[in-house]
Each structure stands twice: as structure tokens, then as C-alpha cells.
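> First the structure, which I've put down as C-alpha cells, then a few questions once you've had a look.
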Amino acid sequence: MRDDILSFVSPFLQEYIWQKDSFSLREWSVVDVKNEKKKKKVWHEAAAPHLYNKQFFGECMDDEWFVVFLLLKISTSVELKEKYNPVITVQDNDGEFLLIESAYQLPKWISKPKHAINRVFIYNGKLHLLPRCITVEDPTSFGATNQTSQFYDDSKSFPPIDHAIEYLLDNERSTLASEQVQISAFERTEKFQQNLLKMNTGEADTLQEQQFACVFVPYCVSELLHTTKLLPHAIQALSDLDFNPQLLKIDPKYKKIRKLCDHHPQYAQTKKWIRVRFSRWLYAQLKFFSLPHDKMTPQEEVEMKLKFTNAEIKGILLGRKLEFAFSLLYNNLGPEDPLRTHFNILEETPEEDQLVSVGRAELADDDSEVWLEVSPE
């Protein structure tokens with residue numbers, strides 16, 4: 001089941017840039033539940049086998065809603081429905097965030113979070129909400145002479161997940177949330193459907209959540225940008241440093257950090273212009289990050305403006321930040337860290353065509369940054 005689902009969502013993931021963790025699925029195990037209980041973060045799951053995903057998205061809310069978009073696609077897949085008939089739940093730190101989105105359209109009885117436990121599901125591409133009071137036949141009594149029923153009242157108890165799913169499958173129509181709730185709950189996923197249409201029509205370069213920019217970087221950084229997906233991790237290293245500026249004063253390794261190219265002299269110190277695709281969130285983080293110990297004097301700024309165009313200056317400054325970001329990431333990774341294997345590509349001797357450089361004028365223009373302008377209104 002896991003492999004089938006990951007294979008199904010794979011085409012949707014090709015153009016997406018995650019802020020932190022990427023979408024994955026794990027098979028449930030007793031050990032996982034025991035560990036969650038120790039952390040006091042139990043999701044009220046039953047012992048029935050299932051798949052789950054635990055993902056950190058930081059401050060990038062797009063990642064959270066893209067996951068919801070994927071779950072909707074999984075729940076509407078004809079092939080997956082025929083084989084597995086998936087029933088899905090999704091929560092974040094705030095709990096049932098789909099209900100939060102549709103709070104004004106919900107019935108009053110579900111105003112408290114405890115009333116929603118094991119009552120909110122995604123099924124067949126729709127949001128389902130189990131009613132306030134439900135009665136479910138006890139599965140343990142099936143086949144017995146006197147079958148028993150279990151009654152659950154929101155004010156006193158919540159149904160176990162297996163009982164809740166049984167009720168949902170037997171009452172699919174009556175548990176369907178209202179149209180107003182559906183629209184409010186999934187409104188933020190609509191842009192991903194529009195992006196999917198653009199991808200299918202060859203317009204992937206116009207996706208709303210991405211930003212193209214030309215940067216001037218060392219060859220080793222260029223190679224990593226073209227062949228790996230380390231960009232979010234590198235910018236995250238910058239972000240961690242930005243949130244902890246005292247590290248520059250406490251930890252001497254940040255003051256004299258060894259540049260990435262120093263580890264790989266075969267790439268020398270030559271640089272090249274390349275066009276990089278960012279998510280808007282990653283681009284904003286990079287653009288507004290201030291490089292430590294790399295402030296230009298007024299005279300240096302004047303000389304740079306006389307020598308380069310504004311577009312070139314922008315690309316040079318972004319390139320410096322990227323070089324620092326990848327160097328910081330490389331120096332922070334332990335020898336056993338899985339991410340370190342991505343840097344192995346730099347151990348190879350570069351081909352001559354890899355070292356061929358083009359001018360900034362030969363690359364396409366950067367995307368507009370008008371979306372970065374925040375209006376007080």
C-alpha cells in the first residue's frame with residue numbers, strides 16, 4: 001500500500017520545493033505508539049495497521065496545505081480506492097485545522113476540540129464529520145448470538161478510531177460535511193490544482209509559489225544546485241543562524257568558516273552565472289538574510305555600482321549568500337549525516353563543459369519581486 005501511494009503522488013512532487021521535511025509515509029508499529037505515549041502526543045489511534053506521515057513544515061504554511069492537496073488526491077484515486085479504500089485523518093499542532101478553516105460554518109456542538117476527536121475524516125475527496133452521538137456495533141461481538149452496541153456521546157467519550165471508521169463507511173452520505181464547510185476547509189488547496197493544470201500544459205515555469213533568480217556562484221555550488229535538492233537545507237542553515245545571532249559571538253567556527261570550495265580545490269575559485277528556482281518562502285529568507293562579516297564600505301558599494309548593472313549586483317550578492325549557506329551546511333553536517341552523501345558529487349573531477357560560463361545577459365530575467373512588497377493596508 002505504501003509503495004502504491006508514494007508512486008501515485010510522485011508526479012505531483014516533481015516541481016514542488018519543500019521548506020523542511022518532504023512528504024513520506026511510514027508503516028505503523030507498536031514501537032511508534034509507545035514512543036508517542038512517552039512524549040504525551042498520542043493521536044488516539046487504534047492498534048489497526050495503517051500508514052502515517054509526521055512532517056515539519058516550519059513557517060511555510062504552503063507545505064501543510066500541499067499535503068492536504070495530496071491527501072485529497074489519494075482519497076479520490078480510483079485505483080487506490082478499489083485496492084485499499086483509504087480513510088484519512090490530518091492534524092497539526094492546533095489539532096483539526098480543517099475545522100478551524102471552516103469554524104463559522106460548523107455546527108455549534110463541535111465548538112470544543114475534544115468534541116472533534118476521531119470524528120473528522122477525508123474520504124472520497126470530501127470532508128466527513130461524524131455526528132454528535134453515534135452508535136456502532138461492537139466488532140468483537142460479530143457472529144455472537146447477542147451482538148452488542150457501543151454508544152458515544154461527544155460530551156462523555158470519543159469513539160475509537162476503528163469504530164469511527166466503521167460508522168463512516170456505513171453512513172457515508174449522512175456524515176458528509178455541508179458544502180459551505182467543504183469550501184472553507186479546502187479553499188487553500190485550490191492553487192495547487194491550478195498549478196497541476198499548468199504543469200500538464202507545459203507552464204511549470206509560471207507556478208505562483210516559485211521564484212526564478214540569476215545568481216553568481218562558485219562552480220561547486222552550481223553543481224550542487226543542479227544535481228541535488230540541498231537548497232532548502234542550506235537556507236535552513238542560514239535561518240538557524242539568523243534566529244541565533246549570538247552564535248557568531250559564541251562559536252568561532254562561524255567567524256572563520258571554511259568555504260565549500262576549499263574542501264574541493266578541483267573546482268577552483270572560479271564562478272559562473274546560473275538561473276535558480278526557489279520557492280518564494282526560501283527566496284525571501286535568502287534575500288533578507290544579512291551576511292555576517294561581509295559588509296561593504298560605502299566606497300566598495302560605489303565601485304560595484306560603477307562596474308555592474310543592478311541585476312548583476314543583485315545576483316552577486318545572492319550568490320555570496322548561497323556560497324555561505326552551502327559552506328555552513330557542509331561544515332555543520334556530521335560524518336554520518338545522510339545529507340553529507342549529496343556532497344560526494346564534488347569528489348569527482350568536473351568535465352570541461354561543467355566549467356563553461358555564460359554572462360548574466362545570456363540568462364533570462366529574474367521573476368518580479370512585487371509580491372515581496374508588503375502593504376500596510
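To be explicit about the labels: the chains of the C-alpha cells are called A, B, and onward in the order shown, and within each one the residues are counted from 1, while ligands get numbers from 1 in the order they are shown.
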Quick one: everything within 8 Å of region 52-55 of chain A, counting only C-alpha atoms, minus sequence neighbours fewer than 3 positions away in the same chain. Send it as a PyMOL selection string.

chain A and resi 21-28

> Keeping only N, CA, C and O atoms, write the selected residues to a file as a CSV table (one decimal), in the first residue's frame.


```csv
chain,number,residue,atom,x,y,z
A,21,ASP,N,10.8,19.2,5.8
A,21,ASP,CA,10.6,17.8,5.5
A,21,ASP,C,9.7,17.6,4.3
A,21,ASP,O,8.8,18.4,4.0
A,22,SER,N,10.0,16.6,3.5
A,22,SER,CA,9.2,16.2,2.3
A,22,SER,C,8.2,15.2,2.7
A,22,SER,O,8.2,14.6,3.8
A,23,PHE,N,7.2,15.0,1.9
A,23,PHE,CA,6.1,14.1,2.1
A,23,PHE,C,6.6,12.6,2.1
A,23,PHE,O,7.4,12.2,1.2
A,24,SER,N,6.3,11.9,3.1
A,24,SER,CA,6.7,10.4,3.1
A,24,SER,C,5.6,9.7,3.9
A,24,SER,O,4.7,10.3,4.5
A,25,LEU,N,5.7,8.4,3.9
A,25,LEU,CA,4.7,7.5,4.6
A,25,LEU,C,5.5,6.4,5.3
A,25,LEU,O,6.5,5.9,4.8
A,26,ARG,N,5.1,6.2,6.5
A,26,ARG,CA,5.7,5.1,7.3
A,26,ARG,C,4.6,4.1,7.7
A,26,ARG,O,3.4,4.5,7.9
A,27,GLU,N,5.0,2.9,7.9
A,27,GLU,CA,4.0,1.9,8.4
A,27,GLU,C,4.0,1.9,9.9
A,27,GLU,O,5.0,2.0,10.6
A,28,TRP,N,2.8,1.9,10.4
A,28,TRP,CA,2.6,1.9,11.9
A,28,TRP,C,3.2,0.7,12.6
A,28,TRP,O,3.3,-0.4,12.0
```

> Can you list, as a PyMOL selection string, every protein, DNA or RNA residue that comes within 7 Å of Thr189 (chain A) when you count only C-alpha atoms, leaving out same-chain residues fewer than 6 positions away?

chain A and resi 65-66+69

> Output all heavy atoms for every residue in that selection, as an mmCIF file, in the first residue's frame.


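Output contents, as saved in again.cif:
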```
data_model
loop_
_atom_site.group_PDB
_atom_site.id
_atom_site.type_symbol
_atom_site.label_atom_id
_atom_site.label_comp_id
_atom_site.auth_asym_id
_atom_site.auth_seq_id
_atom_site.Cartn_x
_atom_site.Cartn_y
_atom_site.Cartn_z
ATOM 1 N N TRP A 65 -0.632 22.839 3.401
ATOM 2 C CA TRP A 65 -1.797 22.746 2.525
ATOM 3 C C TRP A 65 -1.505 21.920 1.280
ATOM 4 O O TRP A 65 -2.424 21.335 0.696
ATOM 5 C CB TRP A 65 -2.293 24.145 2.171
ATOM 6 C CG TRP A 65 -2.947 24.765 3.360
ATOM 7 C CD1 TRP A 65 -2.439 25.723 4.178
ATOM 8 C CD2 TRP A 65 -4.217 24.398 3.907
ATOM 9 N NE1 TRP A 65 -3.317 25.984 5.204
ATOM 10 C CE2 TRP A 65 -4.415 25.194 5.065
ATOM 11 C CE3 TRP A 65 -5.205 23.492 3.542
ATOM 12 C CZ2 TRP A 65 -5.561 25.095 5.844
ATOM 13 C CZ3 TRP A 65 -6.347 23.394 4.320
ATOM 14 C CH2 TRP A 65 -6.515 24.193 5.449
ATOM 15 N N PHE A 66 -0.255 21.846 0.893
ATOM 16 C CA PHE A 66 0.085 20.957 -0.214
ATOM 17 C C PHE A 66 -0.085 19.501 0.211
ATOM 18 O O PHE A 66 -0.510 18.656 -0.592
ATOM 19 C CB PHE A 66 1.520 21.210 -0.680
ATOM 20 C CG PHE A 66 1.910 20.406 -1.886
ATOM 21 C CD1 PHE A 66 1.215 20.531 -3.079
ATOM 22 C CD2 PHE A 66 2.971 19.511 -1.835
ATOM 23 C CE1 PHE A 66 1.570 19.784 -4.197
ATOM 24 C CE2 PHE A 66 3.328 18.766 -2.942
ATOM 25 C CZ PHE A 66 2.628 18.904 -4.131
ATOM 26 N N PHE A 69 -3.648 18.763 -0.094
ATOM 27 C CA PHE A 69 -3.943 18.555 -1.516
ATOM 28 C C PHE A 69 -3.584 17.128 -1.936
ATOM 29 O O PHE A 69 -4.355 16.459 -2.640
ATOM 30 C CB PHE A 69 -3.163 19.571 -2.347
ATOM 31 C CG PHE A 69 -3.180 19.319 -3.828
ATOM 32 C CD1 PHE A 69 -4.304 19.607 -4.585
ATOM 33 C CD2 PHE A 69 -2.067 18.782 -4.468
ATOM 34 C CE1 PHE A 69 -4.322 19.369 -5.955
ATOM 35 C CE2 PHE A 69 -2.077 18.548 -5.829
ATOM 36 C CZ PHE A 69 -3.204 18.839 -6.577
#
```

> Which is closest to Ala164 (chain A) among A:Leu197, A:Val87, A:Leu329, A:Val276, if we use only C-alpha atoms?

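Using only C-alpha atoms, Ala164 (chain A) sits closest to A:Val87.
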
> Using only C-alpha atoms, which of the listed residues (A:Leu196, A:Met304, A:Leu225, A:Leu328) sits closest to Leu238 (chain A)?

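Closest candidate: A:Leu328.
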
> Quick one: residues within 12 Å of Val68 (chain A), only C-alpha atoms counted, chain neighbours fewer than 4 positions away excluded, as a ChimeraX atom specification?

/A:23,53,61-64,72-75,88-92,97-98,121-122,125-127,185-190,192-193

> Emit the selected residues as a PDB file, in the first residue's frame, including N, CA and C atoms.


```pdb
ATOM      1  N   PHE A  23       7.225  14.997   1.862  1.00  0.00           N
ATOM      2  CA  PHE A  23       6.131  14.062   2.142  1.00  0.00           C
ATOM      3  C   PHE A  23       6.648  12.631   2.097  1.00  0.00           C
ATOM      4  N   ASN A  53       2.210   9.887   8.343  1.00  0.00           N
ATOM      5  CA  ASN A  53       3.265  10.831   7.973  1.00  0.00           C
ATOM      6  C   ASN A  53       3.360  11.883   9.065  1.00  0.00           C
ATOM      7  N   MET A  61       3.397  27.694   5.470  1.00  0.00           N
ATOM      8  CA  MET A  61       2.070  27.085   5.504  1.00  0.00           C
ATOM      9  C   MET A  61       1.711  26.407   4.186  1.00  0.00           C
ATOM     10  N   ASP A  62       2.362  26.814   3.098  1.00  0.00           N
ATOM     11  CA  ASP A  62       2.085  26.166   1.815  1.00  0.00           C
ATOM     12  C   ASP A  62       2.353  24.668   1.880  1.00  0.00           C
ATOM     13  N   ASP A  63       3.392  24.274   2.621  1.00  0.00           N
ATOM     14  CA  ASP A  63       3.714  22.850   2.727  1.00  0.00           C
ATOM     15  C   ASP A  63       2.566  22.079   3.371  1.00  0.00           C
ATOM     16  N   GLU A  64       1.988  22.657   4.415  1.00  0.00           N
ATOM     17  CA  GLU A  64       0.881  21.987   5.098  1.00  0.00           C
ATOM     18  C   GLU A  64      -0.306  21.800   4.164  1.00  0.00           C
ATOM     19  N   LEU A  72      -6.138  14.687  -0.570  1.00  0.00           N
ATOM     20  CA  LEU A  72      -7.379  14.709  -1.357  1.00  0.00           C
ATOM     21  C   LEU A  72      -7.218  13.888  -2.632  1.00  0.00           C
ATOM     22  N   LYS A  73      -6.064  14.018  -3.274  1.00  0.00           N
ATOM     23  CA  LYS A  73      -5.807  13.254  -4.493  1.00  0.00           C
ATOM     24  C   LYS A  73      -5.757  11.754  -4.197  1.00  0.00           C
ATOM     25  N   ILE A  74      -5.121  11.399  -3.096  1.00  0.00           N
ATOM     26  CA  ILE A  74      -5.042   9.985  -2.706  1.00  0.00           C
ATOM     27  C   ILE A  74      -6.438   9.423  -2.465  1.00  0.00           C
ATOM     28  N   SER A  75      -7.280  10.211  -1.808  1.00  0.00           N
ATOM     29  CA  SER A  75      -8.616   9.718  -1.452  1.00  0.00           C
ATOM     30  C   SER A  75      -9.548   9.610  -2.653  1.00  0.00           C
ATOM     31  N   ILE A  88      -8.777   8.894   5.712  1.00  0.00           N
ATOM     32  CA  ILE A  88      -7.628   9.720   6.094  1.00  0.00           C
ATOM     33  C   ILE A  88      -7.999  10.707   7.191  1.00  0.00           C
ATOM     34  N   THR A  89      -7.083  10.896   8.124  1.00  0.00           N
ATOM     35  CA  THR A  89      -7.192  11.978   9.103  1.00  0.00           C
ATOM     36  C   THR A  89      -5.931  12.830   9.013  1.00  0.00           C
ATOM     37  N   VAL A  90      -6.047  14.105   9.347  1.00  0.00           N
ATOM     38  CA  VAL A  90      -4.891  15.006   9.307  1.00  0.00           C
ATOM     39  C   VAL A  90      -5.048  16.062  10.393  1.00  0.00           C
ATOM     40  N   GLN A  91      -3.993  16.248  11.174  1.00  0.00           N
ATOM     41  CA  GLN A  91      -3.977  17.269  12.224  1.00  0.00           C
ATOM     42  C   GLN A  91      -2.622  17.969  12.233  1.00  0.00           C
ATOM     43  N   ASP A  92      -2.587  19.144  12.836  1.00  0.00           N
ATOM     44  CA  ASP A  92      -1.311  19.811  13.077  1.00  0.00           C
ATOM     45  C   ASP A  92      -1.231  20.187  14.553  1.00  0.00           C
ATOM     46  N   PHE A  97      -7.116  21.333  12.051  1.00  0.00           N
ATOM     47  CA  PHE A  97      -7.026  22.651  11.420  1.00  0.00           C
ATOM     48  C   PHE A  97      -8.005  22.825  10.262  1.00  0.00           C
ATOM     49  N   LEU A  98      -8.498  21.726   9.681  1.00  0.00           N
ATOM     50  CA  LEU A  98      -9.518  21.853   8.637  1.00  0.00           C
ATOM     51  C   LEU A  98     -10.808  22.433   9.216  1.00  0.00           C
ATOM     52  N   PHE A 121     -12.761  13.252   9.076  1.00  0.00           N
ATOM     53  CA  PHE A 121     -12.064  12.394   8.124  1.00  0.00           C
ATOM     54  C   PHE A 121     -12.120  12.983   6.714  1.00  0.00           C
ATOM     55  N   ILE A 122     -11.117  12.616   5.919  1.00  0.00           N
ATOM     56  CA  ILE A 122     -11.149  12.857   4.476  1.00  0.00           C
ATOM     57  C   ILE A 122     -11.431  11.518   3.821  1.00  0.00           C
ATOM     58  N   GLY A 125     -12.396  12.294  -1.334  1.00  0.00           N
ATOM     59  CA  GLY A 125     -12.188  13.683  -1.722  1.00  0.00           C
ATOM     60  C   GLY A 125     -13.057  14.684  -0.997  1.00  0.00           C
ATOM     61  N   LYS A 126     -13.733  14.258   0.055  1.00  0.00           N
ATOM     62  CA  LYS A 126     -14.630  15.137   0.805  1.00  0.00           C
ATOM     63  C   LYS A 126     -14.308  15.091   2.293  1.00  0.00           C
ATOM     64  N   LEU A 127     -14.744  16.133   2.993  1.00  0.00           N
ATOM     65  CA  LEU A 127     -14.598  16.172   4.442  1.00  0.00           C
ATOM     66  C   LEU A 127     -15.833  15.554   5.078  1.00  0.00           C
ATOM     67  N   ALA A 185     -12.953  24.576   4.183  1.00  0.00           N
ATOM     68  CA  ALA A 185     -11.896  23.685   4.661  1.00  0.00           C
ATOM     69  C   ALA A 185     -10.793  23.494   3.627  1.00  0.00           C
ATOM     70  N   PHE A 186     -11.168  23.425   2.350  1.00  0.00           N
ATOM     71  CA  PHE A 186     -10.187  23.092   1.312  1.00  0.00           C
ATOM     72  C   PHE A 186      -9.860  24.257   0.380  1.00  0.00           C
ATOM     73  N   GLU A 187     -10.272  25.453   0.750  1.00  0.00           N
ATOM     74  CA  GLU A 187     -10.059  26.607  -0.125  1.00  0.00           C
ATOM     75  C   GLU A 187      -8.583  26.832  -0.443  1.00  0.00           C
ATOM     76  N   ARG A 188      -7.713  26.598   0.535  1.00  0.00           N
ATOM     77  CA  ARG A 188      -6.289  26.872   0.343  1.00  0.00           C
ATOM     78  C   ARG A 188      -5.589  25.834  -0.534  1.00  0.00           C
ATOM     79  N   THR A 189      -6.289  24.781  -0.900  1.00  0.00           N
ATOM     80  CA  THR A 189      -5.678  23.775  -1.776  1.00  0.00           C
ATOM     81  C   THR A 189      -5.954  24.053  -3.253  1.00  0.00           C
ATOM     82  N   GLU A 190      -6.812  25.019  -3.542  1.00  0.00           N
ATOM     83  CA  GLU A 190      -7.219  25.259  -4.927  1.00  0.00           C
ATOM     84  C   GLU A 190      -6.046  25.689  -5.801  1.00  0.00           C
ATOM     85  N   PHE A 192      -3.059  24.720  -5.745  1.00  0.00           N
ATOM     86  CA  PHE A 192      -2.235  23.579  -6.151  1.00  0.00           C
ATOM     87  C   PHE A 192      -2.882  22.829  -7.311  1.00  0.00           C
ATOM     88  N   GLN A 193      -4.206  22.844  -7.358  1.00  0.00           N
ATOM     89  CA  GLN A 193      -4.899  22.264  -8.504  1.00  0.00           C
ATOM     90  C   GLN A 193      -4.621  23.095  -9.754  1.00  0.00           C
TER      91      GLN A 193
END
```

> I'd like the contact shell of Leu106 (chain A) - 9 Å cut-off, only C-alpha atoms, skipping same-chain residues fewer than 4 positions apart - returned as an mmCIF file with N, CA and C atoms, in the first residue's frame.


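Okay, selection02.cif is ready:
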```cif
data_model
loop_
_atom_site.group_PDB
_atom_site.id
_atom_site.type_symbol
_atom_site.label_atom_id
_atom_site.label_comp_id
_atom_site.auth_asym_id
_atom_site.auth_seq_id
_atom_site.Cartn_x
_atom_site.Cartn_y
_atom_site.Cartn_z
ATOM 1 N N LEU A 99 -11.097 22.076 10.459
ATOM 2 C CA LEU A 99 -12.280 22.637 11.118
ATOM 3 C C LEU A 99 -12.057 24.100 11.484
ATOM 4 N N SER A 102 -12.982 26.282 8.701
ATOM 5 C CA SER A 102 -14.428 26.380 8.448
ATOM 6 C C SER A 102 -15.205 26.612 9.741
ATOM 7 N N ILE A 110 -19.749 21.222 18.008
ATOM 8 C CA ILE A 110 -18.348 20.837 17.821
ATOM 9 C C ILE A 110 -17.415 22.022 18.077
ATOM 10 N N SER A 111 -17.844 22.932 18.915
ATOM 11 C CA SER A 111 -17.070 24.145 19.180
ATOM 12 C C SER A 111 -15.815 23.883 20.009
ATOM 13 N N ALA A 177 -19.859 16.521 5.328
ATOM 14 C CA ALA A 177 -19.981 17.896 5.822
ATOM 15 C C ALA A 177 -20.703 18.758 4.788
ATOM 16 N N SER A 178 -21.280 19.857 5.233
ATOM 17 C CA SER A 178 -22.036 20.732 4.338
ATOM 18 C C SER A 178 -21.127 21.331 3.266
ATOM 19 N N GLN A 180 -20.745 24.416 2.452
ATOM 20 C CA GLN A 180 -20.024 25.588 2.962
ATOM 21 C C GLN A 180 -18.775 25.176 3.735
ATOM 22 N N VAL A 181 -18.894 24.104 4.514
ATOM 23 C CA VAL A 181 -17.740 23.596 5.264
ATOM 24 C C VAL A 181 -16.682 23.061 4.308
#
```
